[in-house]
$ cat input.csv   # CSV, C-alpha atoms (C1' of nucleotides)
chain,number,residue,atom,x,y,z
N,17,MET,CA,1.7,-20.5,12.7
N,18,LYS,CA,-0.4,-18.2,10.8
N,19,ASP,CA,-3.3,-19.8,8.9
N,20,ILE,CA,-3.8,-20.4,5.2
N,21,LEU,CA,-5.1,-17.4,3.4
N,22,PHE,CA,-8.3,-16.6,1.5
N,23,GLY,CA,-8.6,-13.7,-0.9
N,24,ASP,CA,-9.2,-10.7,1.3
N,25,GLU,CA,-6.9,-12.2,4.0
N,26,LEU,CA,-4.0,-12.5,1.5
N,27,LEU,CA,-4.5,-8.9,0.5
N,28,LYS,CA,-4.5,-7.8,4.1
N,29,THR,CA,-1.3,-9.7,4.8
N,30,LEU,CA,0.4,-8.3,1.7
N,31,GLU,CA,-0.7,-4.8,2.6
N,32,ALA,CA,0.7,-5.3,6.1
N,33,LEU,CA,4.0,-6.3,4.7
N,34,SER,CA,4.2,-3.4,2.2
N,35,ASN,CA,6.0,-0.9,4.3
N,36,PRO,CA,9.6,-0.6,5.3
N,37,TYR,CA,9.0,-0.1,9.0
N,38,ARG,CA,6.7,-3.1,9.1
N,39,ILE,CA,9.3,-5.2,7.4
N,40,LYS,CA,11.9,-4.1,9.9
N,41,ILE,CA,9.5,-4.8,12.8
N,42,ILE,CA,9.1,-8.4,11.5
N,43,GLY,CA,12.9,-8.6,11.3
N,44,ILE,CA,13.4,-7.4,14.9
N,45,LEU,CA,10.6,-9.5,16.4
N,46,LYS,CA,11.9,-12.6,14.6
N,47,GLN,CA,15.0,-12.4,16.8
N,48,GLU,CA,13.2,-11.6,20.1
N,49,ARG,CA,10.0,-10.2,21.4
N,50,GLN,CA,10.1,-6.5,22.3
N,51,TYR,CA,8.0,-4.0,24.3
N,52,VAL,CA,6.6,-1.0,22.5
N,53,SER,CA,8.9,1.8,23.8
N,54,GLN,CA,12.0,-0.3,23.2
N,55,LEU,CA,10.9,-1.1,19.7
N,56,ALA,CA,10.2,2.6,19.0
N,57,ARG,CA,13.8,3.4,20.0
N,58,MET,CA,15.2,0.6,17.9
N,59,LEU,CA,13.3,2.0,14.9
N,60,SER,CA,13.8,5.6,15.7
N,61,ILE,CA,10.2,6.4,15.3
N,62,SER,CA,7.5,7.8,17.7
N,63,ARG,CA,5.2,5.6,19.6
N,64,PRO,CA,2.1,6.9,18.0
N,65,LEU,CA,3.5,6.0,14.6
N,66,LEU,CA,4.7,2.7,15.8
N,67,TYR,CA,1.3,1.8,17.2
N,68,LEU,CA,-0.2,2.4,13.8
N,69,HIS,CA,2.2,-0.1,12.2
N,70,LEU,CA,1.9,-2.6,15.0
N,71,GLN,CA,-1.9,-2.5,14.6
N,72,LYS,CA,-1.7,-3.3,10.9
N,73,LEU,CA,0.6,-6.2,11.5
N,74,GLU,CA,-1.6,-7.5,14.3
N,75,ASP,CA,-4.8,-7.1,12.3
N,76,ALA,CA,-3.1,-9.2,9.6
N,77,GLY,CA,-2.3,-11.9,12.2
N,78,LEU,CA,1.4,-11.5,11.8
N,79,ILE,CA,2.2,-10.4,15.3
N,80,LYS,CA,0.5,-10.4,18.7
N,81,GLY,CA,0.7,-8.2,21.7
N,82,GLN,CA,0.4,-9.0,25.4
N,83,HIS,CA,0.5,-7.0,28.5
N,84,GLU,CA,2.8,-7.9,31.3
N,85,ILE,CA,4.0,-6.4,34.5
N,86,SER,CA,7.8,-6.1,34.6
N,87,ASP,CA,9.9,-7.3,37.6
N,88,SER,CA,10.1,-3.7,38.8
N,89,GLY,CA,6.3,-3.4,38.5
N,90,LYS,CA,5.8,-1.4,35.4
N,91,ALA,CA,3.1,-2.1,32.8
N,92,MET,CA,4.7,-3.3,29.6
N,93,LYS,CA,3.2,-4.3,26.3
N,94,TYR,CA,5.2,-7.0,24.5
N,95,TYR,CA,4.8,-7.9,20.9
N,96,GLU,CA,6.0,-11.1,19.4
N,97,LEU,CA,6.1,-12.6,15.9
N,98,ILE,CA,3.6,-15.2,14.7
N,99,SER,CA,5.3,-17.6,12.3
N,100,PHE,CA,4.1,-17.6,8.7
N,101,ASN,CA,5.0,-19.2,5.4
N,102,ILE,CA,3.0,-18.2,2.4
N,103,PRO,CA,3.9,-19.6,-1.0
N,104,LEU,CA,3.4,-16.4,-2.9
N,105,ASN,CA,3.0,-17.6,-6.5
N,106,GLU,CA,0.6,-17.0,-9.4
N,107,GLU,CA,-1.6,-20.0,-8.3
N,108,LEU,CA,-2.2,-18.5,-4.9
N,109,VAL,CA,-2.8,-15.0,-6.2
N,110,ALA,CA,-5.2,-16.3,-8.9
N,111,LYS,CA,-7.1,-18.2,-6.3
N,112,ALA,CA,-7.3,-15.2,-4.1
N,113,ALA,CA,-8.5,-13.2,-7.1
N,114,ASP,CA,-11.7,-15.2,-7.3
N,115,SER,CA,-12.8,-14.3,-3.8
N,116,ILE,CA,-11.5,-10.8,-3.6
N,117,THR,CA,-13.6,-7.8,-2.8
N,118,ILE,CA,-13.2,-4.5,-4.6
N,119,LYS,CA,-14.5,-2.3,-1.8
N,120,ASN,CA,-16.2,1.0,-2.4
N,121,ARG,CA,-13.8,3.6,-1.5
N,122,LYS,CA,-14.7,5.7,1.5
N,123,ASP,CA,-16.2,3.1,3.7
E,4,MET,CA,10.5,-16.8,-13.9
E,5,LYS,CA,10.9,-13.7,-11.8
E,6,ASP,CA,14.2,-13.4,-10.0
E,7,ILE,CA,15.0,-13.9,-6.3
E,8,LEU,CA,14.4,-10.8,-4.3
E,9,PHE,CA,16.5,-8.4,-2.3
E,10,GLY,CA,15.1,-6.0,0.3
E,11,ASP,CA,13.7,-3.2,-1.8
E,12,GLU,CA,12.7,-5.5,-4.5
E,13,LEU,CA,10.6,-7.6,-2.1
E,14,LEU,CA,8.9,-4.5,-0.9
E,15,LYS,CA,8.2,-3.3,-4.4
E,16,THR,CA,6.7,-6.7,-5.3
E,17,LEU,CA,4.6,-6.8,-2.2
E,18,GLU,CA,3.3,-3.3,-2.9
E,19,ALA,CA,2.5,-4.3,-6.4
E,20,LEU,CA,0.4,-7.2,-5.2
E,21,SER,CA,-1.3,-5.1,-2.5
E,22,ASN,CA,-4.3,-4.0,-4.5
E,23,PRO,CA,-7.5,-5.9,-5.5
E,24,TYR,CA,-7.4,-4.9,-9.1
E,25,ARG,CA,-3.8,-5.9,-9.4
E,26,ILE,CA,-4.6,-9.3,-7.8
E,27,LYS,CA,-7.3,-9.7,-10.4
E,28,ILE,CA,-5.0,-8.7,-13.2
E,29,ILE,CA,-2.6,-11.5,-12.2
E,30,GLY,CA,-5.5,-13.9,-12.0
E,31,ILE,CA,-6.7,-13.0,-15.5
E,32,LEU,CA,-3.2,-13.0,-17.1
E,33,LYS,CA,-2.4,-16.3,-15.5
E,34,GLN,CA,-5.0,-17.9,-17.8
E,35,GLU,CA,-4.1,-16.0,-20.9
E,36,ARG,CA,-2.5,-12.9,-22.1
E,37,GLN,CA,-4.7,-9.9,-22.9
E,38,TYR,CA,-4.6,-6.6,-24.6
E,39,VAL,CA,-5.2,-3.5,-22.6
E,40,SER,CA,-8.7,-2.5,-23.8
E,41,GLN,CA,-10.0,-6.0,-23.3
E,42,LEU,CA,-8.5,-6.2,-19.9
E,43,ALA,CA,-10.1,-2.9,-19.0
E,44,ARG,CA,-13.5,-4.3,-20.0
E,45,MET,CA,-13.0,-7.5,-18.1
E,46,LEU,CA,-12.2,-5.5,-15.0
E,47,SER,CA,-14.8,-2.8,-15.6
E,48,ILE,CA,-12.3,0.0,-15.1
E,49,SER,CA,-11.0,2.9,-17.3
E,50,ARG,CA,-7.9,2.5,-19.3
E,51,PRO,CA,-6.0,5.3,-17.6
E,52,LEU,CA,-6.6,3.6,-14.3
E,53,LEU,CA,-5.7,0.3,-15.7
E,54,TYR,CA,-2.4,1.7,-17.1
E,55,LEU,CA,-1.5,2.8,-13.6
E,56,HIS,CA,-2.0,-0.7,-12.2
E,57,LEU,CA,-0.2,-2.4,-15.1
E,58,GLN,CA,2.7,0.0,-14.7
E,59,LYS,CA,3.1,-1.0,-11.1
E,60,LEU,CA,3.0,-4.7,-11.9
E,61,GLU,CA,5.4,-4.3,-14.7
E,62,ASP,CA,7.8,-2.2,-12.6
E,63,ALA,CA,7.8,-5.0,-10.1
E,64,GLY,CA,8.6,-7.5,-12.8
E,65,LEU,CA,5.4,-9.4,-12.5
E,66,ILE,CA,4.1,-8.8,-15.9
E,67,LYS,CA,5.5,-7.6,-19.2
E,68,GLY,CA,3.9,-5.8,-22.1
E,69,GLN,CA,4.6,-6.0,-25.8
E,70,HIS,CA,3.2,-4.3,-28.9
E,71,GLU,CA,1.8,-6.2,-31.7
E,72,ILE,CA,-0.1,-5.6,-34.9
E,73,SER,CA,-3.4,-7.6,-35.0
E,74,ASP,CA,-4.4,-9.6,-38.0
E,75,SER,CA,-6.6,-6.8,-39.1
E,76,GLY,CA,-3.8,-4.3,-38.8
E,77,LYS,CA,-4.5,-2.5,-35.5
E,78,ALA,CA,-1.8,-1.7,-32.9
E,79,MET,CA,-2.4,-3.7,-29.8
E,80,LYS,CA,-0.6,-3.9,-26.5
E,81,TYR,CA,-0.6,-7.3,-24.9
E,82,TYR,CA,0.4,-8.0,-21.4
E,83,GLU,CA,1.4,-11.4,-20.1
E,84,LEU,CA,2.3,-12.8,-16.7
E,85,ILE,CA,5.8,-13.5,-15.6
E,86,SER,CA,5.9,-16.6,-13.4
E,87,PHE,CA,6.9,-16.1,-9.8
E,88,ASN,CA,7.2,-18.1,-6.6
E,89,ILE,CA,8.3,-16.3,-3.5
E,90,PRO,CA,8.5,-18.2,-0.2
E,91,LEU,CA,7.0,-15.4,1.9
E,92,ASN,CA,8.1,-16.3,5.5
E,93,GLU,CA,9.8,-14.6,8.4
E,94,GLU,CA,13.3,-15.6,7.2
E,95,LEU,CA,12.8,-13.9,3.9
E,96,VAL,CA,11.3,-10.8,5.4
E,97,ALA,CA,14.0,-10.6,8.1
E,98,LYS,CA,16.6,-10.9,5.4
E,99,ALA,CA,14.9,-8.1,3.4
E,100,ALA,CA,14.8,-6.0,6.5
E,101,ASP,CA,18.6,-5.8,6.6
E,102,SER,CA,18.9,-4.2,3.2
E,103,ILE,CA,15.7,-2.2,3.2
E,104,THR,CA,15.7,1.6,2.7
E,105,ILE,CA,13.4,3.9,4.5
E,106,LYS,CA,13.2,6.6,1.9
E,107,ASN,CA,12.7,10.2,2.7
E,108,ARG,CA,9.1,10.9,2.0
E,109,LYS,CA,8.4,13.3,-0.9
E,110,ASP,CA,11.3,12.2,-3.2
A,20,DT,C1',-16.6,10.0,-44.5
A,21,DT,C1',-18.3,8.5,-40.2
A,22,DC,C1',-18.3,5.2,-36.4
A,23,DA,C1',-16.1,2.0,-33.6
A,24,DT,C1',-12.0,0.5,-31.6
A,25,DA,C1',-7.2,0.5,-30.6
A,26,DT,C1',-3.3,3.2,-28.6
A,27,DG,C1',-1.2,6.8,-25.0
A,28,DT,C1',-0.9,10.5,-21.5
A,29,DA,C1',-1.5,15.0,-18.9
A,30,DA,C1',-4.0,17.4,-15.4
A,31,DT,C1',-6.7,17.2,-11.6
A,32,DA,C1',-9.5,15.2,-7.9
A,33,DA,C1',-10.5,12.0,-4.3
A,34,DT,C1',-9.2,8.9,-0.8
A,35,DT,C1',-6.1,6.4,1.9
A,36,DT,C1',-2.0,5.9,4.3
A,37,DT,C1',1.6,7.7,6.9
A,38,DA,C1',3.4,10.9,10.3
A,39,DT,C1',3.2,14.5,13.9
A,40,DT,C1',1.7,16.9,17.9
A,41,DA,C1',-0.5,17.2,22.0
A,42,DC,C1',-2.7,15.2,25.4
A,43,DA,C1',-3.5,11.9,29.7
A,44,DT,C1',-2.5,8.1,33.3
A,45,DA,C1',0.6,5.1,36.0
A,46,DT,C1',4.9,3.3,38.5
A,47,DA,C1',10.0,3.2,39.8
A,48,DT,C1',13.8,5.6,41.2
A,49,DA,C1',16.6,9.5,42.8
Z,12,DT,C1',8.5,15.4,45.3
Z,13,DA,C1',10.6,15.7,40.9
Z,14,DT,C1',12.4,12.9,37.0
Z,15,DA,C1',12.4,9.2,34.0
Z,16,DT,C1',10.0,5.6,32.0
Z,17,DA,C1',6.1,2.9,30.7
Z,18,DT,C1',1.2,2.8,28.8
Z,19,DG,C1',-2.6,4.8,25.3
Z,20,DT,C1',-5.2,7.8,22.1
Z,21,DA,C1',-7.4,11.9,19.8
Z,22,DA,C1',-6.8,15.4,16.5
Z,23,DT,C1',-4.5,17.1,12.8
Z,24,DA,C1',-1.2,17.5,8.9
Z,25,DA,C1',1.5,15.7,5.1
Z,26,DA,C1',2.3,12.6,1.5
Z,27,DA,C1',1.3,8.8,-1.4
Z,28,DT,C1',-1.9,6.1,-3.9
Z,29,DT,C1',-5.9,5.6,-6.5
Z,30,DA,C1',-9.4,7.4,-9.7
Z,31,DT,C1',-11.4,10.5,-13.1
Z,32,DT,C1',-11.7,13.6,-16.9
Z,33,DA,C1',-10.2,15.3,-21.0
Z,34,DC,C1',-7.4,15.2,-24.5
Z,35,DA,C1',-4.8,13.4,-28.9
Z,36,DT,C1',-3.5,9.9,-32.7
Z,37,DA,C1',-4.2,5.9,-35.7
Z,38,DT,C1',-6.6,2.0,-38.2
Z,39,DG,C1',-10.6,-1.0,-39.9
Z,40,DA,C1',-15.2,-1.5,-41.2
Z,41,DA,C1',-19.7,0.2,-42.6
$ encode --input "input.csv" --output "structure tokens"
Amino acid sequence: MKDILFGDELLKTLEALSNPYRIKIIGILKQERQYVSQLARMLSISRPLLYLHLQKLEDAGLIKGQHEISDSGKAMKYYELISFNIPLNEELVAKAADSITIKNRKD
Amino acid sequence: MKDILFGDELLKTLEALSNPYRIKIIGILKQERQYVSQLARMLSISRPLLYLHLQKLEDAGLIKGQHEISDSGKAMKYYELISFNIPLNEELVAKAADSITIKNRKD
DNA sequence: TTCATATGTAATAATTTTATTACATATATA
DNA sequence: TATATATGTAATAAAATTATTACATATGAA
């Protein structure tokens, strides 16, 4: 289960979930783990684009990837969901606000 | 209290909360409503930029604005928080995924 | 009347995010 | 060996988001 969140972590998690493809990725991985190429087909997007989205989800700690060798011997990368449950209310957001960083753009 | 969320609404709400200034705005308005110029000073940002952020929060149904005439007779616009509590977990996100729209970029 | 403060928005610039294209490597199967 | 599938990433383009600048209007107080 994904950890409790501090300010910048909450922001990162919300950003990670703020995209339709990434929402759909969570929906798919909730049912069953998938390997990258298969996931790309299910979403009808290219692998490079998918990697970008997977990276953001993984950076936020919402999914994790692992390499495996398939029965037939091919290298596969599987992604699976990390369970999470965030009570997104004004208390949590206000608490996050206290420790949030407004980062200089461009670095 | 803000309503329960469907797919595109959840996305809109998450997007609205995916910015440090907007997180801070929620934090401030949780304590007490504020008028625009005052809020801009508290955040150390310009009003035009603040308007942009307020608009996104209001579009998501997280805050609401109202005009008032101050005691001294000046036109003021106050914003206040709308309470919300979203159980952000994989069930909710998966449910949202079913009804989410991947919109054509550029319209 | 002048200064300070409030409102609001249009036009533009800067930056980040998203998406595409073009590579390269490896293994299984026909 | 050729074809299909898997991996991964660098370079670039396109689009959206964020931020700035420059306006304009109105009221209260000095």
$ interface_residues --input "input.csv" --of "chain E" --to "chain A" --cutoff "7 Å" --atoms "only C-alpha atoms (C1' of nucleotides)" --output "number ranges by chain"
E: 77-79
$ closest_atom_pairs --input "input.csv" --of "chain Z" --to "chain E" --cutoff "9 Å" --atoms "only C-alpha atoms (C1' of nucleotides)" --output "tab-separated table"
residue	atom	partner	partner_atom	distance
Z:DA26	C1'	E:Lys109	CA	6.6
Z:DA27	C1'	E:Lys109	CA	8.4
Z:DT29	C1'	E:Leu52	CA	8.1
Z:DA30	C1'	E:Leu52	CA	6.6
Z:DT31	C1'	E:Leu52	CA	8.5
Z:DA37	C1'	E:Lys77	CA	8.4
Z:DT38	C1'	E:Lys77	CA	5.7
Z:DG39	C1'	E:Ser75	CA	7.1
$ calpha_fit_and_write --input "input.csv" --fixed "chain E" --moving "chain N" --output "short mmCIF file (atom, residue, chain, number, x, y, z; two decimals) with C-alpha atoms, in the frame of the given file"
data_model
loop_
_atom_site.label_atom_id
_atom_site.label_comp_id
_atom_site.auth_asym_id
_atom_site.auth_seq_id
_atom_site.Cartn_x
_atom_site.Cartn_y
_atom_site.Cartn_z
CA MET N 17 10.51 -16.79 -13.88
CA LYS N 18 10.88 -13.81 -11.81
CA ASP N 19 14.21 -13.49 -9.96
CA ILE N 20 15.04 -13.89 -6.29
CA LEU N 21 14.35 -10.81 -4.29
CA PHE N 22 16.50 -8.39 -2.29
CA GLY N 23 15.07 -6.01 0.27
CA ASP N 24 13.74 -3.12 -1.74
CA GLU N 25 12.72 -5.53 -4.56
CA LEU N 26 10.61 -7.62 -2.14
CA LEU N 27 8.90 -4.49 -0.92
CA LYS N 28 8.18 -3.40 -4.45
CA THR N 29 6.71 -6.78 -5.32
CA LEU N 30 4.57 -6.83 -2.17
CA GLU N 31 3.37 -3.31 -2.85
CA ALA N 32 2.47 -4.34 -6.40
CA LEU N 33 0.43 -7.17 -5.12
CA SER N 34 -1.40 -5.10 -2.46
CA ASN N 35 -4.37 -4.03 -4.44
CA PRO N 36 -7.47 -5.86 -5.49
CA TYR N 37 -7.35 -4.89 -9.14
CA ARG N 38 -3.73 -5.94 -9.37
CA ILE N 39 -4.55 -9.26 -7.84
CA LYS N 40 -7.35 -9.77 -10.32
CA ILE N 41 -5.06 -8.75 -13.21
CA ILE N 42 -2.58 -11.49 -12.12
CA GLY N 43 -5.53 -13.91 -12.00
CA ILE N 44 -6.71 -13.03 -15.53
CA LEU N 45 -3.24 -12.98 -17.10
CA LYS N 46 -2.42 -16.35 -15.50
CA GLN N 47 -5.08 -17.89 -17.74
CA GLU N 48 -4.17 -16.00 -20.96
CA ARG N 49 -2.44 -12.91 -22.12
CA GLN N 50 -4.72 -9.93 -22.80
CA TYR N 51 -4.54 -6.57 -24.62
CA VAL N 52 -5.15 -3.43 -22.63
CA SER N 53 -8.68 -2.46 -23.80
CA GLN N 54 -9.93 -6.01 -23.38
CA LEU N 55 -8.50 -6.21 -19.91
CA ALA N 56 -10.11 -2.86 -18.99
CA ARG N 57 -13.51 -4.28 -20.01
CA MET N 58 -12.94 -7.48 -18.10
CA LEU N 59 -12.18 -5.40 -14.99
CA SER N 60 -14.72 -2.76 -15.59
CA ILE N 61 -12.28 -0.01 -15.08
CA SER N 62 -10.98 2.85 -17.34
CA ARG N 63 -7.86 2.55 -19.33
CA PRO N 64 -6.09 5.33 -17.60
CA LEU N 65 -6.63 3.59 -14.28
CA LEU N 66 -5.67 0.29 -15.69
CA TYR N 67 -2.42 1.65 -17.08
CA LEU N 68 -1.50 2.83 -13.62
CA HIS N 69 -1.93 -0.69 -12.21
CA LEU N 70 -0.27 -2.37 -15.15
CA GLN N 71 2.75 -0.07 -14.67
CA LYS N 72 3.13 -1.04 -11.03
CA LEU N 73 2.98 -4.70 -11.84
CA GLU N 74 5.47 -4.29 -14.67
CA ASP N 75 7.85 -2.19 -12.59
CA ALA N 76 7.77 -5.04 -10.05
CA GLY N 77 8.67 -7.53 -12.81
CA LEU N 78 5.46 -9.42 -12.46
CA ILE N 79 4.09 -8.81 -15.90
CA LYS N 80 5.40 -7.61 -19.26
CA GLY N 81 3.88 -5.79 -22.14
CA GLN N 82 4.52 -6.04 -25.87
CA HIS N 83 3.20 -4.31 -28.85
CA GLU N 84 1.82 -6.24 -31.74
CA ILE N 85 -0.10 -5.56 -34.87
CA SER N 86 -3.34 -7.55 -35.02
CA ASP N 87 -4.39 -9.59 -38.12
CA SER N 88 -6.70 -6.74 -39.11
CA GLY N 89 -3.80 -4.27 -38.73
CA LYS N 90 -4.52 -2.54 -35.51
CA ALA N 91 -1.88 -1.66 -32.91
CA MET N 92 -2.40 -3.75 -29.81
CA LYS N 93 -0.53 -3.86 -26.55
CA TYR N 94 -0.52 -7.32 -24.94
CA TYR N 95 0.41 -8.01 -21.39
CA GLU N 96 1.36 -11.38 -20.10
CA LEU N 97 2.23 -12.85 -16.70
CA ILE N 98 5.81 -13.53 -15.60
CA SER N 99 5.90 -16.61 -13.38
CA PHE N 100 6.94 -16.10 -9.76
CA ASN N 101 7.22 -18.11 -6.58
CA ILE N 102 8.31 -16.29 -3.49
CA PRO N 103 8.47 -18.15 -0.19
CA LEU N 104 7.02 -15.38 1.90
CA ASN N 105 8.13 -16.32 5.43
CA GLU N 106 9.76 -14.58 8.40
CA GLU N 107 13.29 -15.64 7.17
CA LEU N 108 12.82 -13.88 3.87
CA VAL N 109 11.26 -10.78 5.38
CA ALA N 110 14.02 -10.57 8.05
CA LYS N 111 16.62 -10.83 5.38
CA ALA N 112 14.97 -8.17 3.36
CA ALA N 113 14.82 -6.02 6.49
CA ASP N 114 18.58 -5.75 6.63
CA SER N 115 18.87 -4.18 3.21
CA ILE N 116 15.75 -2.12 3.19
CA THR N 117 15.66 1.58 2.60
CA ILE N 118 13.42 3.90 4.58
CA LYS N 119 13.12 6.60 1.93
CA ASN N 120 12.55 10.23 2.75
CA ARG N 121 9.06 10.95 1.96
CA LYS N 122 8.49 13.35 -0.90
CA ASP N 123 11.19 12.26 -3.22
#
$ interface_residues --input "input.csv" --of "chain N" --to "chain E" --cutoff "10 Å" --atoms "only C-alpha atoms" --output "PDB file with C-alpha atoms, keeping the file's coordinate frame"
ATOM      1  CA  GLY N  23      -8.600 -13.700  -0.900  1.00  0.00           C
ATOM      2  CA  ASP N  24      -9.200 -10.700   1.300  1.00  0.00           C
ATOM      3  CA  LEU N  26      -4.000 -12.500   1.500  1.00  0.00           C
ATOM      4  CA  LEU N  27      -4.500  -8.900   0.500  1.00  0.00           C
ATOM      5  CA  LYS N  28      -4.500  -7.800   4.100  1.00  0.00           C
ATOM      6  CA  THR N  29      -1.300  -9.700   4.800  1.00  0.00           C
ATOM      7  CA  LEU N  30       0.400  -8.300   1.700  1.00  0.00           C
ATOM      8  CA  GLU N  31      -0.700  -4.800   2.600  1.00  0.00           C
ATOM      9  CA  ALA N  32       0.700  -5.300   6.100  1.00  0.00           C
ATOM     10  CA  LEU N  33       4.000  -6.300   4.700  1.00  0.00           C
ATOM     11  CA  SER N  34       4.200  -3.400   2.200  1.00  0.00           C
ATOM     12  CA  ASN N  35       6.000  -0.900   4.300  1.00  0.00           C
ATOM     13  CA  PRO N  36       9.600  -0.600   5.300  1.00  0.00           C
ATOM     14  CA  TYR N  37       9.000  -0.100   9.000  1.00  0.00           C
ATOM     15  CA  ARG N  38       6.700  -3.100   9.100  1.00  0.00           C
ATOM     16  CA  ILE N  39       9.300  -5.200   7.400  1.00  0.00           C
ATOM     17  CA  LYS N  40      11.900  -4.100   9.900  1.00  0.00           C
ATOM     18  CA  ILE N  41       9.500  -4.800  12.800  1.00  0.00           C
ATOM     19  CA  ILE N  42       9.100  -8.400  11.500  1.00  0.00           C
ATOM     20  CA  GLY N  43      12.900  -8.600  11.300  1.00  0.00           C
ATOM     21  CA  ILE N  44      13.400  -7.400  14.900  1.00  0.00           C
ATOM     22  CA  LEU N  45      10.600  -9.500  16.400  1.00  0.00           C
ATOM     23  CA  LYS N  46      11.900 -12.600  14.600  1.00  0.00           C
ATOM     24  CA  GLN N  47      15.000 -12.400  16.800  1.00  0.00           C
ATOM     25  CA  LEU N  78       1.400 -11.500  11.800  1.00  0.00           C
ATOM     26  CA  LEU N  97       6.100 -12.600  15.900  1.00  0.00           C
ATOM     27  CA  ILE N  98       3.600 -15.200  14.700  1.00  0.00           C
ATOM     28  CA  SER N  99       5.300 -17.600  12.300  1.00  0.00           C
ATOM     29  CA  PHE N 100       4.100 -17.600   8.700  1.00  0.00           C
ATOM     30  CA  ASN N 101       5.000 -19.200   5.400  1.00  0.00           C
ATOM     31  CA  ILE N 102       3.000 -18.200   2.400  1.00  0.00           C
ATOM     32  CA  PRO N 103       3.900 -19.600  -1.000  1.00  0.00           C
ATOM     33  CA  LEU N 104       3.400 -16.400  -2.900  1.00  0.00           C
ATOM     34  CA  ASN N 105       3.000 -17.600  -6.500  1.00  0.00           C
ATOM     35  CA  GLU N 106       0.600 -17.000  -9.400  1.00  0.00           C
ATOM     36  CA  GLU N 107      -1.600 -20.000  -8.300  1.00  0.00           C
ATOM     37  CA  LEU N 108      -2.200 -18.500  -4.900  1.00  0.00           C
ATOM     38  CA  VAL N 109      -2.800 -15.000  -6.200  1.00  0.00           C
ATOM     39  CA  ALA N 110      -5.200 -16.300  -8.900  1.00  0.00           C
ATOM     40  CA  LYS N 111      -7.100 -18.200  -6.300  1.00  0.00           C
ATOM     41  CA  ALA N 112      -7.300 -15.200  -4.100  1.00  0.00           C
ATOM     42  CA  ALA N 113      -8.500 -13.200  -7.100  1.00  0.00           C
ATOM     43  CA  ASP N 114     -11.700 -15.200  -7.300  1.00  0.00           C
ATOM     44  CA  SER N 115     -12.800 -14.300  -3.800  1.00  0.00           C
ATOM     45  CA  ILE N 116     -11.500 -10.800  -3.600  1.00  0.00           C
ATOM     46  CA  THR N 117     -13.600  -7.800  -2.800  1.00  0.00           C
ATOM     47  CA  ILE N 118     -13.200  -4.500  -4.600  1.00  0.00           C
ATOM     48  CA  LYS N 119     -14.500  -2.300  -1.800  1.00  0.00           C
TER      49      LYS N 119
END
$ atom_distance --input "input.csv" --atom1 "atom CA of N:Gly77" --atom2 "atom CA of N:Asp19"
8.6 Å
$ atom_distance --input "input.csv" --atom1 "atom CA of N:Glu96" --atom2 "atom CA of N:Arg49"
4.6 Å
$ atom_distance --input "input.csv" --atom1 "atom CA of E:Lys59" --atom2 "atom C1' of Z:DT28"
11.3 Å
